[in-house]
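Written out below as structure tokens is the structure these notes cover.
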Amino acid sequence: MTPVVEDTAHETSKDGSRDTPVSPETDSRDDRPQVTSEPRGSRRRAVTVLAVIAVVAVVLDIVSKQLAMTHLREGDPVRVIPGVLYFSLIRNRGAAFSMGTTITWVFPTVAIVVIVAIGYLSRRLRSITWAISLGLVLAGAVGNLIDRLFRAPGPFRGEVVDFISLFNGSGRGFAIFNVADSCLTIGVFLAVLLEVLGRHRDGSRTRT
């Protein structure tokens, strides 16, 4: 009897010819971005980091604004680092550079939408870096929303307290801002960077 030998390297067609094996390394699909599964972190830990950062930043924003209103006078900037940093108190009804002062209700509305969106995004949150980013954005939205709701002249029309001025004490060339604005800017920048690097909120990573 002739032993039957299984050919594991090639497949034989009906006409007796052998098909050329396809190597996984030459598959054109390898050029596409691949999602590599990394060990997922704890959602509870990520949400805790988000919450702690948001709470600490909001408290810092509230305290710094109160100190500014207590110790600074409008139109009388204080030089902290000459040519670099000044404290200059203003009450801003609009956005950066006092834009949008006639539609102040828009800004608290946008802040509320941002807060709701972060709550939705946190459902799949397991990345600590994303938790830091979203915590900073949340702090920025909440910090200025408090001013819009509780400061004069009234709810949804309140003036935001700004006091940090760069390069000069008058705010020329660069907007006067506060701690909440700083948190919002850094948080958004970090979120964009994470997207560019292919880092996802659930802890996975896209590799090209």
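Residue names in the structure tokens use chain letters A, B, ... in the order shown, residue numbers from 1 in each chain, and ligand numbers from 1 in the order shown.
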Quick one: residues within 9 Å of range 190-199 of chain A, only C-alpha atoms counted, chain neighbours fewer than 6 positions away excluded, as a PyMOL selection string?
chain A and resi 35+127+129-130+132-134+205-208
Exercise: Phe163 in chain A partners within 6 Å, only C-alpha atoms, chain neighbours under 6 positions left out, as a list of chain:residue names
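With the cut-off at 6 Å, the set is A:Phe87, A:Ser88, A:Leu89, A:Phe177, A:Asn178.
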Store the residues of this selection in a file with C-alpha atoms, as an mmCIF file, in the first residue's frame.
```
data_model
loop_
_atom_site.group_PDB
_atom_site.id
_atom_site.type_symbol
_atom_site.label_atom_id
_atom_site.label_comp_id
_atom_site.auth_asym_id
_atom_site.auth_seq_id
_atom_site.Cartn_x
_atom_site.Cartn_y
_atom_site.Cartn_z
ATOM 1 C CA PHE A 87 -2.619 90.402 37.403
ATOM 2 C CA SER A 88 -5.250 92.661 35.897
ATOM 3 C CA LEU A 89 -8.863 92.357 37.069
ATOM 4 C CA PHE A 177 -7.972 84.894 31.305
ATOM 5 C CA ASN A 178 -8.490 82.827 34.451
#
```
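Coordinates place CA of Ser170 in chain A at a distance of 8.0 Å from CA of Gly75 in chain A.
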Can you list, as a ChimeraX atom specification, every protein, DNA or RNA residue that comes within 10 Å of range 137-153 of chain A when you count only C-alpha atoms, leaving out same-chain residues fewer than 5 positions away?
/A:50-51,53-62,65,91-93,104-105,107-119,131-132,158-162,178-191
For those residues, write N, CA and C atoms to a file as a short mmCIF file (atom, residue, chain, number, x, y, z; two decimals), in the first residue's frame.
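Writing the result to again_27.cif gives the following:
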```cif
data_model
loop_
_atom_site.label_atom_id
_atom_site.label_comp_id
_atom_site.auth_asym_id
_atom_site.auth_seq_id
_atom_site.Cartn_x
_atom_site.Cartn_y
_atom_site.Cartn_z
N LEU A 50 -10.67 61.63 36.70
CA LEU A 50 -11.40 62.73 36.04
C LEU A 50 -12.09 63.61 37.09
N ALA A 51 -12.80 62.99 38.02
CA ALA A 51 -13.55 63.74 39.01
C ALA A 51 -12.63 64.53 39.94
N ILE A 53 -9.53 65.63 39.40
CA ILE A 53 -8.92 66.76 38.68
C ILE A 53 -9.94 67.88 38.49
N ALA A 54 -11.16 67.54 38.11
CA ALA A 54 -12.19 68.55 37.90
C ALA A 54 -12.50 69.31 39.19
N VAL A 55 -12.67 68.58 40.29
CA VAL A 55 -13.01 69.22 41.57
C VAL A 55 -11.88 70.14 42.04
N VAL A 56 -10.64 69.64 42.01
CA VAL A 56 -9.49 70.44 42.46
C VAL A 56 -9.34 71.70 41.61
N ALA A 57 -9.47 71.56 40.29
CA ALA A 57 -9.32 72.70 39.40
C ALA A 57 -10.44 73.72 39.59
N VAL A 58 -11.67 73.26 39.79
CA VAL A 58 -12.79 74.18 40.01
C VAL A 58 -12.60 74.94 41.32
N VAL A 59 -12.20 74.24 42.37
CA VAL A 59 -11.94 74.92 43.66
C VAL A 59 -10.85 75.96 43.51
N LEU A 60 -9.77 75.61 42.80
CA LEU A 60 -8.68 76.55 42.57
C LEU A 60 -9.17 77.76 41.78
N ASP A 61 -10.03 77.52 40.80
CA ASP A 61 -10.58 78.62 40.00
C ASP A 61 -11.42 79.55 40.87
N ILE A 62 -12.30 78.99 41.71
CA ILE A 62 -13.17 79.80 42.55
C ILE A 62 -12.35 80.62 43.55
N LYS A 65 -10.33 83.46 41.83
CA LYS A 65 -11.20 84.58 41.43
C LYS A 65 -11.60 85.43 42.63
N ARG A 91 -14.06 92.16 34.44
CA ARG A 91 -15.28 91.36 34.45
C ARG A 91 -15.76 91.25 33.01
N ASN A 92 -15.70 90.05 32.49
CA ASN A 92 -15.91 89.82 31.06
C ASN A 92 -17.30 89.24 30.80
N ARG A 93 -18.11 89.92 30.01
CA ARG A 93 -19.44 89.42 29.67
C ARG A 93 -19.41 88.51 28.44
N THR A 104 -24.58 86.71 25.61
CA THR A 104 -23.95 86.03 26.74
C THR A 104 -24.63 84.71 27.09
N TRP A 105 -25.92 84.55 26.76
CA TRP A 105 -26.63 83.32 27.09
C TRP A 105 -26.06 82.11 26.35
N PHE A 107 -22.90 81.25 25.95
CA PHE A 107 -21.73 80.64 26.61
C PHE A 107 -22.12 79.65 27.71
N PRO A 108 -23.05 79.99 28.61
CA PRO A 108 -23.46 78.96 29.59
C PRO A 108 -24.17 77.78 28.95
N THR A 109 -24.89 78.04 27.86
CA THR A 109 -25.55 76.94 27.16
C THR A 109 -24.52 75.96 26.59
N VAL A 110 -23.47 76.51 25.97
CA VAL A 110 -22.40 75.67 25.43
C VAL A 110 -21.71 74.90 26.56
N ALA A 111 -21.50 75.56 27.70
CA ALA A 111 -20.85 74.91 28.84
C ALA A 111 -21.67 73.73 29.33
N ILE A 112 -22.98 73.89 29.39
CA ILE A 112 -23.84 72.80 29.83
C ILE A 112 -23.77 71.63 28.85
N VAL A 113 -23.75 71.93 27.55
CA VAL A 113 -23.64 70.87 26.54
C VAL A 113 -22.32 70.12 26.70
N VAL A 114 -21.23 70.84 26.97
CA VAL A 114 -19.92 70.22 27.16
C VAL A 114 -19.94 69.30 28.38
N ILE A 115 -20.55 69.75 29.46
CA ILE A 115 -20.62 68.94 30.68
C ILE A 115 -21.39 67.64 30.43
N VAL A 116 -22.52 67.75 29.73
CA VAL A 116 -23.31 66.56 29.40
C VAL A 116 -22.52 65.62 28.49
N ALA A 117 -21.80 66.18 27.51
CA ALA A 117 -21.02 65.37 26.58
C ALA A 117 -19.91 64.60 27.30
N ILE A 118 -19.26 65.25 28.26
CA ILE A 118 -18.20 64.58 29.02
C ILE A 118 -18.79 63.44 29.85
N GLY A 119 -19.96 63.66 30.42
CA GLY A 119 -20.63 62.58 31.15
C GLY A 119 -20.91 61.39 30.25
N ALA A 131 -8.64 60.69 30.94
CA ALA A 131 -9.30 61.16 32.16
C ALA A 131 -8.77 62.53 32.57
N ILE A 132 -7.46 62.72 32.44
CA ILE A 132 -6.85 64.02 32.75
C ILE A 132 -7.37 65.09 31.80
N GLY A 158 -24.23 86.39 33.66
CA GLY A 158 -23.20 86.79 34.61
C GLY A 158 -21.85 87.06 33.95
N GLU A 159 -21.12 87.96 34.56
CA GLU A 159 -19.79 88.33 34.05
C GLU A 159 -18.73 87.40 34.63
N VAL A 160 -17.83 86.94 33.78
CA VAL A 160 -16.74 86.06 34.20
C VAL A 160 -15.58 86.88 34.72
N VAL A 161 -15.03 86.47 35.85
CA VAL A 161 -13.88 87.17 36.43
C VAL A 161 -12.60 86.68 35.78
N ASP A 162 -11.89 87.57 35.11
CA ASP A 162 -10.58 87.28 34.51
C ASP A 162 -9.54 88.16 35.17
N ASN A 178 -8.45 83.31 33.08
CA ASN A 178 -8.49 82.83 34.45
C ASN A 178 -8.06 81.36 34.51
N VAL A 179 -8.16 80.75 35.68
CA VAL A 179 -7.73 79.36 35.83
C VAL A 179 -8.60 78.42 35.01
N ALA A 180 -9.90 78.66 34.98
CA ALA A 180 -10.81 77.82 34.20
C ALA A 180 -10.45 77.85 32.71
N ASP A 181 -10.14 79.03 32.20
CA ASP A 181 -9.74 79.14 30.79
C ASP A 181 -8.47 78.33 30.53
N SER A 182 -7.53 78.39 31.46
CA SER A 182 -6.28 77.65 31.29
C SER A 182 -6.54 76.15 31.25
N CYS A 183 -7.39 75.67 32.17
CA CYS A 183 -7.72 74.24 32.20
C CYS A 183 -8.37 73.81 30.90
N LEU A 184 -9.31 74.61 30.41
CA LEU A 184 -10.02 74.28 29.18
C LEU A 184 -9.06 74.19 28.00
N THR A 185 -8.15 75.15 27.90
CA THR A 185 -7.19 75.17 26.78
C THR A 185 -6.26 73.96 26.83
N ILE A 186 -5.71 73.68 28.01
CA ILE A 186 -4.80 72.54 28.14
C ILE A 186 -5.53 71.24 27.89
N GLY A 187 -6.75 71.11 28.40
CA GLY A 187 -7.51 69.88 28.21
C GLY A 187 -7.83 69.61 26.76
N VAL A 188 -8.24 70.64 26.03
CA VAL A 188 -8.55 70.48 24.61
C VAL A 188 -7.29 70.13 23.82
N PHE A 189 -6.19 70.80 24.12
CA PHE A 189 -4.92 70.50 23.44
C PHE A 189 -4.51 69.05 23.68
N LEU A 190 -4.64 68.57 24.91
CA LEU A 190 -4.28 67.19 25.23
C LEU A 190 -5.19 66.21 24.50
N ALA A 191 -6.48 66.53 24.40
CA ALA A 191 -7.41 65.65 23.70
C ALA A 191 -7.05 65.53 22.22
#
```
Could you tell me, as a list in words, which residues of range 45-185 of chain A DSSP assigns to strand (DSSP E) when given the backbone?
Val78, Arg79, Val80, Ile81, Leu85, Tyr86, Phe87, Ser88, Leu89, Ile90, Arg91, Asn92, Val160, Val161, Asp162, Phe163, Ile164, Ser165 and Leu166 of chain A
The selected residues should be written to file as a compact mmCIF listing (two decimals), in the first residue's frame (atoms: N, CA and C atoms).
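Saved the output as out12.txt:
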```
# COMPACT_ATOMS: atom_id res chain seq x y z
N VAL A 78 -1.29 94.62 38.48
CA VAL A 78 -0.16 94.35 39.37
C VAL A 78 0.88 93.56 38.59
N ARG A 79 2.11 94.05 38.58
CA ARG A 79 3.18 93.39 37.86
C ARG A 79 3.76 92.27 38.73
N VAL A 80 3.70 91.02 38.20
CA VAL A 80 4.23 89.86 38.92
C VAL A 80 5.61 89.52 38.39
N ILE A 81 5.73 89.30 37.09
CA ILE A 81 7.02 89.10 36.42
C ILE A 81 7.08 90.13 35.30
N LEU A 85 4.21 88.38 33.19
CA LEU A 85 2.97 88.04 33.89
C LEU A 85 2.48 89.22 34.72
N TYR A 86 1.19 89.52 34.56
CA TYR A 86 0.54 90.58 35.31
C TYR A 86 -0.81 90.06 35.82
N PHE A 87 -1.26 90.64 36.92
CA PHE A 87 -2.62 90.40 37.40
C PHE A 87 -3.43 91.66 37.13
N SER A 88 -4.45 91.51 36.31
CA SER A 88 -5.25 92.66 35.90
C SER A 88 -6.72 92.26 35.91
N LEU A 89 -7.47 92.78 36.86
CA LEU A 89 -8.86 92.36 37.07
C LEU A 89 -9.80 92.98 36.04
N ILE A 90 -10.60 92.13 35.40
CA ILE A 90 -11.69 92.59 34.55
C ILE A 90 -12.88 91.65 34.76
N ARG A 91 -14.06 92.16 34.44
CA ARG A 91 -15.28 91.36 34.45
C ARG A 91 -15.76 91.25 33.01
N ASN A 92 -15.70 90.05 32.49
CA ASN A 92 -15.91 89.82 31.06
C ASN A 92 -17.30 89.24 30.80
N VAL A 160 -17.83 86.94 33.78
CA VAL A 160 -16.74 86.06 34.20
C VAL A 160 -15.58 86.88 34.72
N VAL A 161 -15.03 86.47 35.85
CA VAL A 161 -13.88 87.17 36.43
C VAL A 161 -12.60 86.68 35.78
N ASP A 162 -11.89 87.57 35.11
CA ASP A 162 -10.58 87.28 34.51
C ASP A 162 -9.54 88.16 35.17
N PHE A 163 -8.32 87.63 35.31
CA PHE A 163 -7.30 88.44 36.00
C PHE A 163 -5.87 88.11 35.59
N ILE A 164 -5.64 87.09 34.80
CA ILE A 164 -4.27 86.71 34.41
C ILE A 164 -3.97 87.33 33.05
N SER A 165 -2.96 88.17 33.00
CA SER A 165 -2.59 88.86 31.77
C SER A 165 -1.12 88.59 31.44
N LEU A 166 -0.86 88.24 30.19
CA LEU A 166 0.50 87.94 29.76
C LEU A 166 1.09 89.10 28.95
```
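Taking CA of Arg201 in chain A as the reference point, CA of Arg126 in chain A is found at 6.0 Å.
The smallest atom-to-atom distance between Ser204 in chain A and any of A:Ile128, A:Gly173, A:Val49, A:Gln66, using only C-alpha atoms, is found for A:Ile128.
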One decimal, Å: what's the distance from CA of Arg124 in chain A over to CA of Ser42 in chain A, could you say?
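According to the coordinates, CA of Arg124 in chain A and CA of Ser42 in chain A are separated by 10.1 Å.
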